[in-house]
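Colleague: What follows is the file input_31.txt, containing compact mmCIF, C-alpha atoms:
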```
# COMPACT_ATOMS: atom_id res chain seq x y z
CA MET A 1013 8.54 13.77 15.34
CA LYS A 1014 7.01 16.38 17.61
CA PRO A 1015 8.49 15.47 21.00
CA PHE A 1016 6.45 14.59 24.08
CA LEU A 1017 7.19 13.57 27.66
CA LEU A 1018 7.19 10.14 29.27
CA LYS A 1019 4.29 11.23 31.47
CA ASP A 1020 2.29 11.77 28.25
CA VAL A 1021 2.93 8.12 27.35
CA VAL A 1022 1.54 7.05 30.71
CA ALA A 1023 -1.56 9.21 30.27
CA ALA A 1024 -2.19 8.21 26.64
CA THR A 1025 -1.79 4.48 27.20
CA GLY A 1026 -3.26 4.16 30.68
CA GLY A 1027 -0.20 2.17 31.63
CA ALA A 1028 1.50 1.77 34.99
CA PHE A 1029 4.76 3.66 35.43
CA ARG A 1030 7.72 1.87 36.97
CA GLY A 1031 10.88 3.71 37.99
CA ASP A 1032 12.04 6.96 39.56
CA ALA A 1033 9.32 9.62 39.30
CA SER A 1034 11.81 12.15 37.93
CA ALA A 1035 11.97 10.11 34.70
CA LEU A 1036 8.38 11.11 33.89
CA GLU A 1037 9.74 14.44 32.65
CA ARG A 1038 12.06 12.79 30.13
CA GLU A 1039 11.54 13.89 26.56
CA ILE A 1040 10.66 11.32 23.89
CA THR A 1041 11.95 12.28 20.46
CA PHE A 1042 11.23 9.04 18.59
CA VAL A 1043 9.53 5.68 19.05
CA THR A 1044 11.05 2.39 17.92
CA SER A 1045 10.51 -1.35 18.24
CA ASP A 1046 13.95 -2.13 16.77
CA SER A 1047 16.50 -2.40 19.57
CA ARG A 1048 19.29 -1.69 17.10
CA THR A 1049 18.05 1.89 16.70
CA ALA A 1050 17.69 2.60 20.42
CA ALA A 1051 19.40 5.86 21.37
CA PRO A 1052 18.92 8.85 23.66
CA GLY A 1053 15.34 10.14 23.38
CA ALA A 1054 13.90 6.80 22.27
CA LEU A 1055 10.81 5.07 23.60
CA PHE A 1056 11.50 1.38 22.98
CA VAL A 1057 8.33 -0.67 22.45
CA ALA A 1058 8.75 -4.34 23.34
CA PHE A 1059 6.83 -6.71 21.07
CA LYS A 1060 6.77 -10.49 21.25
CA GLY A 1061 7.69 -11.64 17.75
CA ALA A 1062 7.80 -15.04 16.11
CA ARG A 1063 11.60 -15.15 16.29
CA ALA A 1064 12.46 -12.86 19.18
CA ASP A 1065 10.88 -11.22 22.21
CA GLY A 1066 11.55 -7.50 22.43
CA HIS A 1067 11.33 -7.66 26.20
CA ASP A 1068 14.71 -9.41 26.18
CA PHE A 1069 16.31 -6.24 24.79
CA MET A 1070 14.88 -3.67 27.19
CA ALA A 1071 17.91 -3.42 29.47
CA GLY A 1072 20.24 -3.09 26.49
CA CYS A 1073 18.14 -0.29 25.02
CA LEU A 1074 18.18 1.63 28.30
CA GLU A 1075 21.95 1.16 28.51
CA LYS A 1076 22.22 2.81 25.08
CA GLY A 1077 20.37 5.83 26.43
CA ALA A 1078 16.74 5.13 25.55
CA ALA A 1079 14.42 7.32 27.62
CA ALA A 1080 12.08 4.46 28.60
CA CYS A 1081 10.45 1.21 27.50
CA LEU A 1082 6.85 0.23 26.83
CA THR A 1083 6.36 -3.33 28.05
CA GLU A 1084 3.80 -6.05 28.68
CA ARG A 1085 5.56 -7.51 31.72
CA GLU A 1086 6.84 -6.17 34.99
CA PRO A 1087 10.43 -4.94 34.74
CA ARG A 1088 13.47 -6.82 35.96
CA GLU A 1089 16.71 -5.33 37.16
CA GLY A 1090 17.99 -2.68 34.76
CA GLU A 1091 14.66 -2.38 32.90
CA THR A 1092 13.32 0.89 34.32
CA PRO A 1093 11.99 3.43 33.64
CA CYS A 1094 9.18 1.72 31.80
CA VAL A 1095 5.44 1.81 31.28
CA VAL A 1096 3.67 -1.51 31.81
CA VAL A 1097 0.57 -2.17 29.68
CA GLU A 1098 -1.62 -5.16 28.89
CA SER A 1099 -0.85 -5.00 25.16
CA THR A 1100 2.01 -3.04 23.63
CA LEU A 1101 0.25 -3.16 20.25
CA ALA A 1102 -2.91 -1.57 21.64
CA ALA A 1103 -0.87 0.89 23.71
CA MET A 1104 1.13 1.98 20.69
CA GLY A 1105 -2.14 2.57 18.84
CA ALA A 1106 -3.47 4.65 21.74
CA LEU A 1107 -0.26 6.67 21.84
CA ALA A 1108 -0.42 7.24 18.08
CA ALA A 1109 -4.06 8.38 18.34
CA TRP A 1110 -3.12 10.86 21.07
CA HIS A 1111 -0.17 12.13 19.03
CA ARG A 1112 -2.38 12.53 15.94
CA SER A 1113 -4.80 14.68 18.01
CA ARG A 1114 -2.02 17.24 18.48
CA PHE A 1115 -2.17 18.18 14.77
CA HIS A 1116 -4.85 20.18 13.00
CA ILE A 1117 -3.91 19.44 9.42
CA PRO A 1118 -5.57 17.62 6.49
CA VAL A 1119 -5.00 13.88 6.77
CA VAL A 1120 -5.61 11.73 3.69
CA GLY A 1121 -6.44 8.10 4.48
CA ILE A 1122 -6.03 5.69 1.56
CA THR A 1123 -7.68 2.29 1.30
CA GLY A 1124 -8.83 -0.18 -1.34
CA SER A 1125 -8.04 -3.69 -2.55
CA VAL A 1126 -5.46 -2.75 -5.16
CA GLY A 1127 -3.03 0.10 -5.67
CA LYS A 1128 -2.98 1.65 -2.19
CA THR A 1129 0.77 2.24 -2.10
CA THR A 1130 0.89 3.53 -5.67
CA THR A 1131 -2.02 5.86 -4.94
CA LYS A 1132 -0.39 7.00 -1.70
CA GLU A 1133 2.87 7.84 -3.47
CA MET A 1134 1.06 9.67 -6.27
CA ILE A 1135 -1.07 11.76 -3.89
CA ALA A 1136 2.00 12.60 -1.80
CA ALA A 1137 3.94 13.58 -4.95
CA VAL A 1138 1.11 15.95 -5.86
CA LEU A 1139 0.64 17.48 -2.42
CA GLU A 1140 4.39 18.05 -2.05
CA GLN A 1141 4.06 20.72 -4.72
CA LYS A 1142 2.34 22.97 -2.16
CA TYR A 1143 2.68 21.45 1.32
CA VAL A 1144 5.32 19.89 3.55
CA THR A 1145 3.96 16.35 3.28
CA HIS A 1146 4.14 13.48 5.75
CA ARG A 1147 3.46 10.04 4.32
CA THR A 1148 3.46 6.34 5.11
CA GLU A 1149 6.89 4.85 4.54
CA LYS A 1150 7.03 1.75 2.35
CA ASN A 1151 3.74 -0.05 3.06
CA PHE A 1152 3.47 0.40 6.85
CA ASN A 1153 -0.29 0.25 6.62
CA ASN A 1154 -1.55 -2.15 9.33
CA GLU A 1155 -2.17 -1.96 13.07
CA LEU A 1156 1.57 -1.97 13.72
CA GLY A 1157 2.66 0.16 10.77
CA VAL A 1158 0.03 2.92 11.03
CA PRO A 1159 1.02 3.91 14.60
CA GLN A 1160 4.66 4.05 13.51
CA THR A 1161 3.62 6.31 10.65
CA LEU A 1162 1.59 8.66 12.83
CA LEU A 1163 4.30 8.89 15.47
CA ARG A 1164 6.62 10.46 12.88
CA LEU A 1165 4.37 13.51 12.56
CA GLY A 1166 6.19 16.74 13.35
CA ASP A 1167 5.40 20.44 13.58
CA GLU A 1168 6.85 20.96 10.12
CA HIS A 1169 4.17 18.85 8.43
CA GLN A 1170 1.25 20.60 6.73
CA VAL A 1171 -0.56 17.52 5.41
CA SER A 1172 -0.36 13.77 5.99
CA VAL A 1173 -0.99 10.86 3.60
CA VAL A 1174 -1.61 7.56 5.42
CA GLU A 1175 -2.08 4.15 3.80
CA MET A 1176 -4.62 1.98 5.64
CA GLY A 1177 -4.65 -1.75 4.92
CA ILE A 1178 -6.93 -4.36 6.47
CA SER A 1179 -7.81 -8.03 6.12
CA GLY A 1180 -10.80 -8.39 8.46
CA PHE A 1181 -13.81 -6.64 9.93
CA GLY A 1182 -13.14 -4.13 12.71
CA GLU A 1183 -9.56 -3.39 11.67
CA MET A 1184 -10.46 -0.28 9.68
CA ARG A 1185 -12.49 1.00 12.63
CA ARG A 1186 -9.41 0.71 14.85
CA LEU A 1187 -7.11 2.30 12.27
CA THR A 1188 -9.54 5.17 11.72
CA ALA A 1189 -9.64 5.89 15.45
CA MET A 1190 -5.89 6.52 15.21
CA VAL A 1191 -5.69 8.28 11.84
CA ARG A 1192 -8.88 10.39 11.99
CA PRO A 1193 -8.72 11.12 8.25
CA THR A 1194 -10.27 14.27 6.85
CA VAL A 1195 -10.13 12.81 3.32
CA ALA A 1196 -10.78 9.14 2.52
CA VAL A 1197 -9.53 7.80 -0.82
CA PHE A 1198 -10.73 4.46 -2.19
CA SER A 1199 -8.90 2.80 -5.09
CA VAL A 1200 -10.79 -0.40 -5.99
CA ILE A 1201 -13.09 -2.86 -4.22
CA GLY A 1202 -11.65 -6.10 -5.47
CA TYR A 1203 -11.02 -9.76 -4.76
CA SER A 1204 -8.67 -9.49 -1.81
CA HIS A 1205 -8.81 -11.11 1.64
CA LEU A 1206 -11.96 -12.99 0.62
CA GLU A 1207 -10.92 -15.74 3.00
CA PHE A 1208 -11.87 -13.34 5.81
CA LEU A 1209 -14.32 -10.91 4.18
CA GLY A 1210 -16.40 -13.33 2.11
CA ASP A 1211 -17.08 -11.38 -1.08
CA ARG A 1212 -16.68 -7.92 -2.58
CA ASP A 1213 -19.68 -6.63 -0.63
CA GLY A 1214 -17.86 -7.73 2.52
CA VAL A 1215 -14.71 -5.96 1.33
CA LEU A 1216 -16.72 -2.76 0.84
CA ARG A 1217 -18.35 -3.03 4.26
CA ALA A 1218 -15.03 -3.57 6.00
CA LYS A 1219 -13.28 -0.71 4.26
CA SER A 1220 -16.27 1.63 4.65
CA GLU A 1221 -15.71 1.53 8.41
CA ILE A 1222 -13.41 4.45 7.67
CA PHE A 1223 -16.43 6.73 7.30
CA GLU A 1224 -17.50 6.04 10.89
CA GLY A 1225 -14.47 7.97 12.14
CA MET A 1226 -14.99 10.98 9.89
CA GLY A 1227 -17.26 13.96 10.35
CA ARG A 1228 -19.77 15.28 7.84
CA ASP A 1229 -17.16 17.82 6.83
CA GLY A 1230 -14.97 15.01 5.52
CA ILE A 1231 -14.33 14.26 1.85
CA ALA A 1232 -14.73 10.86 0.19
CA VAL A 1233 -12.68 10.42 -3.01
CA LEU A 1234 -13.97 7.33 -4.79
CA ASN A 1235 -13.13 5.43 -7.97
CA GLY A 1236 -16.38 6.00 -9.85
CA ASP A 1237 -15.57 3.30 -12.41
CA ASP A 1238 -15.75 0.64 -9.69
CA ASP A 1239 -19.29 -0.76 -9.58
CA LYS A 1240 -19.33 -1.00 -5.77
CA LEU A 1241 -17.90 2.47 -5.17
CA ALA A 1242 -20.11 4.09 -7.82
CA ASN A 1243 -23.08 3.34 -5.57
CA CYS A 1244 -21.32 4.27 -2.30
CA ARG A 1245 -22.95 7.36 -0.77
CA PRO A 1246 -21.26 8.34 2.51
CA ASP A 1247 -22.73 11.24 4.47
CA MET A 1248 -20.10 13.75 3.38
CA ARG A 1249 -18.78 15.51 0.30
CA ARG A 1250 -18.18 12.96 -2.45
CA ILE A 1251 -15.72 13.25 -5.37
CA THR A 1252 -15.49 10.53 -8.00
CA TYR A 1253 -12.64 9.90 -10.40
CA GLY A 1254 -12.19 7.56 -13.36
CA LEU A 1255 -12.53 7.17 -17.10
CA GLY A 1256 -16.31 7.36 -17.19
CA ALA A 1257 -17.89 10.59 -18.38
CA ASP A 1258 -19.96 10.99 -15.22
CA ASN A 1259 -16.93 11.20 -12.91
CA ASP A 1260 -16.05 14.52 -11.28
CA VAL A 1261 -12.38 14.13 -12.22
CA ARG A 1262 -11.83 12.09 -15.36
CA ALA A 1263 -9.23 11.13 -17.93
CA GLU A 1264 -9.57 11.92 -21.61
CA ASN A 1265 -7.34 11.34 -24.62
CA VAL A 1266 -5.15 8.76 -22.84
CA ARG A 1267 -1.96 8.06 -24.82
CA ASN A 1268 -0.06 4.95 -23.79
CA LEU A 1269 3.69 5.38 -24.35
CA GLY A 1270 4.53 1.81 -23.38
CA THR A 1271 7.37 1.59 -20.89
CA ASP A 1272 7.89 5.37 -21.21
CA GLY A 1273 4.67 6.12 -19.37
CA ILE A 1274 1.31 7.69 -20.18
CA GLU A 1275 0.04 11.07 -21.35
CA LEU A 1276 -3.52 12.18 -20.71
CA THR A 1277 -5.90 15.07 -20.32
CA ILE A 1278 -7.45 15.49 -16.87
CA ARG A 1279 -10.84 17.17 -16.89
CA HIS A 1280 -12.68 18.53 -13.85
CA ALA A 1281 -15.44 21.02 -13.09
CA GLY A 1282 -13.05 23.97 -13.37
CA GLY A 1283 -11.44 23.03 -16.66
CA ALA A 1284 -8.86 20.62 -18.07
CA PHE A 1285 -5.08 20.23 -18.19
CA GLU A 1286 -2.43 17.95 -19.65
CA ALA A 1287 -0.40 15.54 -17.55
CA ARG A 1288 2.32 12.96 -18.06
CA ILE A 1289 2.80 9.90 -15.84
CA PRO A 1290 6.43 8.70 -15.88
CA ALA A 1291 5.55 5.10 -15.01
CA PHE A 1292 4.44 1.95 -16.80
CA GLY A 1293 0.95 0.51 -16.52
CA SER A 1294 -2.58 1.48 -17.48
CA HIS A 1295 -3.54 1.35 -13.78
CA MET A 1296 -1.39 4.44 -13.25
CA VAL A 1297 -4.14 6.54 -14.82
CA TYR A 1298 -6.34 5.91 -11.77
CA ALA A 1299 -3.55 6.82 -9.36
CA ALA A 1300 -3.00 10.09 -11.25
CA LEU A 1301 -6.71 10.87 -11.19
CA ALA A 1302 -6.87 10.20 -7.45
CA GLY A 1303 -3.91 12.53 -7.00
CA ALA A 1304 -5.63 15.19 -9.07
CA ALA A 1305 -8.89 14.83 -7.16
CA VAL A 1306 -7.19 15.21 -3.78
CA GLY A 1307 -5.01 18.03 -5.07
CA LEU A 1308 -8.02 19.98 -6.32
CA ALA A 1309 -9.88 19.38 -3.05
CA LEU A 1310 -6.93 20.71 -1.05
CA GLY A 1311 -6.40 23.83 -3.13
CA LEU A 1312 -3.61 23.00 -5.55
CA SER A 1313 -3.44 24.57 -8.99
CA GLU A 1314 -3.57 22.56 -12.21
CA ALA A 1315 0.12 23.31 -12.79
CA GLN A 1316 1.05 22.05 -9.33
CA ILE A 1317 -0.94 18.85 -9.85
CA ALA A 1318 0.64 18.21 -13.25
CA ALA A 1319 4.11 18.77 -11.78
CA GLY A 1320 3.36 16.33 -8.96
CA ILE A 1321 2.14 13.63 -11.34
CA ALA A 1322 5.26 14.12 -13.47
CA GLY A 1323 7.38 13.73 -10.33
CA TYR A 1324 5.92 10.35 -9.32
CA ARG A 1325 8.44 7.55 -8.80
CA THR A 1326 7.70 3.81 -8.76
CA VAL A 1327 8.07 2.14 -5.36
CA GLY A 1328 9.80 -1.22 -5.04
CA ASP A 1329 8.61 -4.10 -7.21
CA ARG A 1330 5.37 -2.51 -8.35
CA ALA A 1331 5.41 -2.59 -12.17
CA ARG A 1332 9.13 -1.79 -12.18
CA VAL A 1333 10.50 -1.84 -15.72
CA ILE A 1334 13.95 -3.38 -16.10
CA GLU A 1335 15.80 -3.31 -19.42
CA ALA A 1336 17.94 -6.45 -19.28
CA GLY A 1337 19.99 -6.84 -22.40
CA GLU A 1338 17.68 -7.85 -25.24
CA ILE A 1339 14.57 -8.32 -23.08
CA THR A 1340 12.32 -6.08 -21.01
CA VAL A 1341 11.17 -7.34 -17.61
CA ILE A 1342 8.20 -5.89 -15.75
CA SER A 1343 8.77 -6.83 -12.12
CA ASP A 1344 5.42 -6.73 -10.30
CA CYS A 1345 6.20 -9.11 -7.45
CA TYR A 1346 5.00 -7.13 -4.45
CA ASN A 1347 1.47 -8.51 -4.41
CA ALA A 1348 -1.22 -10.03 -6.59
CA ASN A 1349 -4.96 -10.49 -6.70
CA PRO A 1350 -7.34 -10.86 -9.65
CA ASN A 1351 -7.80 -7.10 -10.07
CA SER A 1352 -4.11 -6.24 -10.08
CA ALA A 1353 -3.30 -9.24 -12.27
CA ARG A 1354 -5.80 -8.12 -14.91
CA ALA A 1355 -4.41 -4.59 -14.84
CA ALA A 1356 -0.86 -5.90 -15.23
CA LEU A 1357 -1.89 -8.11 -18.16
CA ASP A 1358 -3.65 -5.18 -19.82
CA SER A 1359 -0.44 -3.19 -19.58
CA LEU A 1360 1.64 -6.08 -20.92
CA ALA A 1361 -0.75 -6.51 -23.85
CA SER A 1362 -0.20 -2.86 -24.84
CA LEU A 1363 3.49 -3.47 -25.56
CA GLN A 1364 5.01 -4.31 -28.92
CA GLY A 1365 6.92 -7.55 -29.33
CA ARG A 1366 6.42 -11.07 -28.03
CA ARG A 1367 4.66 -10.96 -24.65
CA VAL A 1368 5.34 -13.49 -21.89
CA CYS A 1369 3.69 -13.58 -18.48
CA ILE A 1370 5.05 -15.56 -15.54
CA LEU A 1371 2.23 -15.76 -13.01
CA GLY A 1372 2.20 -17.27 -9.54
CA ASP A 1373 -0.23 -17.96 -6.73
CA MET A 1374 -2.71 -15.31 -5.54
CA LEU A 1375 -3.47 -15.87 -1.87
CA GLU A 1376 -6.42 -15.34 0.51
CA LEU A 1377 -9.09 -15.67 -2.19
CA GLY A 1378 -11.36 -18.02 -0.27
CA ALA A 1379 -13.80 -20.51 -1.77
CA GLU A 1380 -13.41 -19.33 -5.39
CA THR A 1381 -9.61 -19.59 -5.43
CA ALA A 1382 -9.44 -22.13 -8.28
CA LYS A 1383 -11.94 -20.25 -10.47
CA LEU A 1384 -10.32 -16.86 -9.93
CA HIS A 1385 -6.93 -18.26 -10.94
CA ALA A 1386 -8.41 -19.97 -14.00
CA ASP A 1387 -10.12 -16.73 -15.01
CA ILE A 1388 -6.78 -14.94 -15.03
CA GLY A 1389 -5.29 -17.59 -17.31
CA ALA A 1390 -8.22 -17.28 -19.68
CA TYR A 1391 -7.92 -13.48 -19.60
CA ALA A 1392 -4.24 -13.61 -20.54
CA ALA A 1393 -5.03 -15.97 -23.43
CA LYS A 1394 -7.83 -13.75 -24.74
CA LEU A 1395 -5.52 -10.73 -24.65
CA GLY A 1396 -3.19 -12.60 -26.97
CA VAL A 1397 -0.25 -13.01 -24.60
CA GLU A 1398 2.02 -15.27 -26.59
CA GLU A 1399 3.34 -17.40 -23.74
CA ILE A 1400 1.68 -17.91 -20.36
CA ILE A 1401 3.71 -19.57 -17.61
CA GLY A 1402 2.24 -20.61 -14.28
CA CYS A 1403 4.36 -21.42 -11.26
CA GLY A 1404 3.14 -22.57 -7.86
CA ALA A 1405 0.51 -24.87 -6.39
CA LEU A 1406 -2.43 -22.59 -7.26
CA ALA A 1407 -0.97 -21.39 -10.56
CA ARG A 1408 -1.82 -24.70 -12.21
CA HIS A 1409 -5.38 -23.33 -12.37
CA ILE A 1410 -4.04 -20.33 -14.31
CA VAL A 1411 -2.53 -22.70 -16.85
CA GLU A 1412 -5.73 -24.75 -17.05
CA GLY A 1413 -7.76 -21.60 -17.67
CA ALA A 1414 -5.35 -20.39 -20.34
CA ARG A 1415 -5.39 -23.72 -22.18
CA ALA A 1416 -9.19 -23.84 -22.05
CA ALA A 1417 -9.15 -20.47 -23.82
CA ASP A 1418 -6.72 -21.81 -26.45
CA GLY A 1419 -3.71 -20.06 -24.96
CA GLU A 1420 -0.12 -21.29 -25.08
CA ALA A 1421 0.54 -22.16 -21.45
CA THR A 1422 3.14 -24.10 -19.47
CA TYR A 1423 3.11 -25.13 -15.83
CA PHE A 1424 6.01 -25.40 -13.38
CA PRO A 1425 5.33 -26.62 -9.84
CA ASP A 1426 8.20 -24.63 -8.31
CA LYS A 1427 10.57 -21.74 -9.03
CA GLU A 1428 13.66 -23.88 -9.24
CA ARG A 1429 12.42 -25.85 -12.23
CA LEU A 1430 11.09 -22.72 -13.88
CA ILE A 1431 14.35 -20.82 -13.46
CA ALA A 1432 16.28 -23.74 -14.91
CA ALA A 1433 13.99 -23.70 -17.97
CA LEU A 1434 14.09 -19.94 -18.59
CA PRO A 1435 17.05 -19.87 -21.01
CA GLY A 1436 15.14 -22.06 -23.45
CA ARG A 1437 11.86 -20.15 -23.16
CA ILE A 1438 12.80 -16.44 -23.23
CA ARG A 1439 13.84 -14.94 -26.56
CA PRO A 1440 15.53 -11.67 -27.55
CA GLY A 1441 12.93 -8.89 -27.77
CA ASP A 1442 10.53 -10.50 -25.28
CA ARG A 1443 8.48 -8.39 -22.88
CA VAL A 1444 8.19 -10.45 -19.69
CA LEU A 1445 5.73 -9.77 -16.87
CA VAL A 1446 6.52 -11.44 -13.51
CA LYS A 1447 3.67 -11.30 -11.00
CA ALA A 1448 2.56 -13.19 -7.88
CA SER A 1449 1.67 -12.67 -4.24
CA HIS A 1450 4.62 -11.40 -2.22
CA SER A 1451 5.14 -14.59 -0.24
CA MET A 1452 5.94 -16.43 -3.49
CA ALA A 1453 9.22 -14.44 -3.65
CA PHE A 1454 9.14 -14.14 -7.44
CA GLU A 1455 11.99 -11.64 -7.10
CA ASP A 1456 14.13 -14.76 -7.55
CA ILE A 1457 12.72 -15.15 -11.05
CA VAL A 1458 13.31 -11.49 -11.84
CA LYS A 1459 16.89 -11.88 -10.67
CA ALA A 1460 17.38 -14.91 -12.91
CA LEU A 1461 16.03 -12.97 -15.89
CA THR A 1462 18.00 -9.79 -15.33
CA GLU A 1463 21.35 -10.86 -13.84
CA LYS A 1464 23.33 -12.64 -16.49
```
What would the structure in this file look like if it were written as structure tokens?

Modeller:
Amino acid sequence: MKPFLLKDVVAATGGAFRGDASALEREITFVTSDSRTAAPGALFVAFKGARADGHDFMAGCLEKGAAACLTEREPREGETPCVVVESTLAAMGALAAWHRSRFHIPVVGITGSVGKTTTKEMIAAVLEQKYVTHRTEKNFNNELGVPQTLLRLGDEHQVSVVEMGISGFGEMRRLTAMVRPTVAVFSVIGYSHLEFLGDRDGVLRAKSEIFEGMGRDGIAVLNGDDDKLANCRPDMRRITYGLGADNDVRAENVRNLGTDGIELTIRHAGGAFEARIPAFGSHMVYAALAGAAVGLALGLSEAQIAAGIAGYRTVGDRARVIEAGEITVISDCYNANPNSARAALDSLASLQGRRVCILGDMLELGAETAKLHADIGAYAAKLGVEEIIGCGALARHIVEGARAADGEATYFPDKERLIAALPGRIRPGDRVLVKASHSMAFEDIVKALTEK
């Protein structure tokens, strides 16, 4: 992080300083909300959590050498120096926005309903071939995570890649005020957070708030195969990517290598080049195309882009392929919605051998929850997935949809009963997809399949 002074925190947040005035010249070298990491140079931000109140740890952090605390309440004995604000969340966002303003570098903001983290990692892998690249860690993409990401920016960074996730109207506007992206990348406008956004048009409106914080010299990189994004015309340079022939950056001659990845030709206005994606899943083609589009826009050569795509690494439980004895498990437990579920099923259907999908609840889908689950079951059946297993309260609709489409489907109300039944259902040579929303904790099922 590029250091700043405690007096800069006061100015950026509009907070009230408490303590000896000499402390205002203290240097802040990192910002943390985890008291365990407090150390000399730290600004400790006190948040009230569901299980603990960070304010209770302020004195301990200062004892460990932290430079100061950011707090919502007046300090008690041993809790100065500190900056008192109405909301530490809002203050951290204001501080992050000020810190971002100190850098005059390209900043790539990534949004969409599906594939944000994969796209972020792919774009960063590409840009690293030319620039010292700052990126969002893990999926720190909300109003708490984005400030933490921005506050890691340092003088060494030449470009930044920031994931921006929302679930309601107004959130993207607030994130954009912090991030101030020069390039906005959209993956897909899908069926996510419909409980709050209503429908896909609402999703598009909410995510398009990003354009309000960009100038006309910005660049919009859009998935041109998405029907909503194909008609999106922001007042700035527009680059589309996808499989369709009318996209500015498009894939041709896609060769699916199963769990070994994908080979493809990437064509753009200046020519074409070959690339290899070392990851499983047909959806990876779109991530690679987004990476190529951003790379071309920011001056990378075709060779640099191809090297970046080849250097991509899967993050966490996002289509992670695990060879477990005589079976192959595709662990895709990080999240799920109808778009990502269809993409995962498409990838499963491309594999040789007996295909099994274990699907769980998809959350925050609003009024059409039952139908959207049933549609996924029917889709799996029509693809020819040999065994469809649903687990969870909402997953019974997946099973109903699969059976209505003449699929072989079985329902389990909970993971415990499913895990107990797995030995009798999984056969040598099976390819098993495990997918559900993160809160379903289907990692337990993956563990049961792979740890024997």

Colleague: Let me make sure I understand: among A:Gly1436, A:Gly1236, A:Gly1283, A:Gly1293, which one has the smallest atom-to-atom distance to Arg1332 (chain A) if we use only C-alpha atoms?

Modeller: A:Gly1293

Colleague: Could you work out an axis-aligned box for region 1350-1362 of chain A, taking every atom the file lists and adding 8 Å on each side, and report centre and edge lengths in Å to one decimal, as lines of an AutoDock Vina configuration file?

Modeller:
```
center_x = -3.1
center_y = -6.9
center_z = -17.2
size_x = 25.4
size_y = 24.0
size_z = 31.2
```

Colleague: Can you list, as a list in words, every protein, DNA or RNA residue that comes within 8 Å of region 1220-1223 of chain A when you count all atoms listed in the file, leaving out same-chain residues fewer than 3 positions away?

Modeller: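 Skipping anything fewer than 3 positions along the chain leaves Gly1182, Met1184, Arg1185, Thr1188, Ala1196, Leu1216, Arg1217, Met1226, Gly1227 and Pro1246 of chain A.
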
Colleague: My list of candidates is A:Arg1330, A:Lys1019, A:Lys1427, A:Arg1262. Which is closest to Gly1303 (chain A) when distances are computed with all atoms listed in the file?

Modeller: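 Going through A:Arg1330, A:Lys1019, A:Lys1427, A:Arg1262 one by one, the smallest distance to Gly1303 (chain A) is for A:Arg1262.
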
Colleague: Taking only residues of region 1221-1323 of chain A that have an atom at most 10 Å from an atom of region 1100-1121 of chain A, what is each one's shortest atom pair and its distance in Å to one decimal, using all atoms listed in the file, in chain and number order, as JSON lines?

Modeller:
```
{"residue": "A:Ile1222", "atom": "CA", "partner": "A:Gly1121", "partner_atom": "CA", "distance": 8.5}
{"residue": "A:Gly1230", "atom": "CA", "partner": "A:Pro1118", "partner_atom": "CA", "distance": 9.8}
{"residue": "A:Ile1231", "atom": "CA", "partner": "A:Val1120", "partner_atom": "CA", "distance": 9.3}
{"residue": "A:Ala1232", "atom": "CA", "partner": "A:Gly1121", "partner_atom": "CA", "distance": 9.7}
{"residue": "A:Val1233", "atom": "CA", "partner": "A:Val1120", "partner_atom": "CA", "distance": 9.8}
{"residue": "A:Val1306", "atom": "CA", "partner": "A:Val1120", "partner_atom": "CA", "distance": 8.4}
{"residue": "A:Leu1310", "atom": "CA", "partner": "A:Pro1118", "partner_atom": "CA", "distance": 8.3}
```

Colleague: Please identify all polymer residues within 10 Å of Arg1408 (chain A), counting only C-alpha atoms, omitting same-chain residues fewer than 4 positions from it, and present them as a list of chain:residue names.

Modeller: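 Answer for this query is A:Leu1371, A:Gly1372, A:Asp1373, A:Ala1382, A:His1385, A:Ala1386, A:Gly1389, A:Ile1401, A:Gly1402, A:Cys1403, A:Gly1404, A:Glu1412, A:Gly1413, A:Ala1414, A:Ala1421, A:Thr1422, A:Tyr1423, A:Phe1424, A:Pro1425.
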
Colleague: May I ask which of the residues A:Ala1453, A:Val1191, A:Leu1018, A:Ser1179 is the closest one to Gly1214 (chain A), counting only C-alpha atoms?

Modeller: A:Ser1179

Colleague: Rounded to one decimal in Å, what is the spacing between CA of Val1200 (chain A) and CA of Ser1125 (chain A)?

Modeller: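 So the two atoms, CA of Val1200 (chain A) and CA of Ser1125 (chain A), lie 5.5 Å apart.
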
Colleague: Could you complete region 1025-1030 of chain A so that it carries N, CA and C atoms, and give it back as a JSON list (two decimals), keeping the file's coordinate frame?

Modeller:
```json
[["chain", "number", "residue", "atom", "x", "y", "z"],
["A", 1025, "THR", "N", -1.63, 5.93, 27.25],
["A", 1025, "THR", "CA", -1.79, 4.48, 27.20],
["A", 1025, "THR", "C", -2.54, 3.91, 28.40],
["A", 1026, "GLY", "N", -2.65, 4.68, 29.46],
["A", 1026, "GLY", "CA", -3.26, 4.16, 30.68],
["A", 1026, "GLY", "C", -2.39, 3.13, 31.36],
["A", 1027, "GLY", "N", -1.11, 3.15, 31.06],
["A", 1027, "GLY", "CA", -0.20, 2.17, 31.63],
["A", 1027, "GLY", "C", 0.26, 2.52, 33.03],
["A", 1028, "ALA", "N", 0.98, 1.59, 33.64],
["A", 1028, "ALA", "CA", 1.50, 1.77, 34.99],
["A", 1028, "ALA", "C", 2.99, 2.11, 34.91],
["A", 1029, "PHE", "N", 3.37, 3.24, 35.48],
["A", 1029, "PHE", "CA", 4.76, 3.66, 35.43],
["A", 1029, "PHE", "C", 5.59, 2.91, 36.47],
["A", 1030, "ARG", "N", 6.78, 2.50, 36.07],
["A", 1030, "ARG", "CA", 7.72, 1.87, 36.97],
["A", 1030, "ARG", "C", 9.07, 2.58, 36.84]]
```
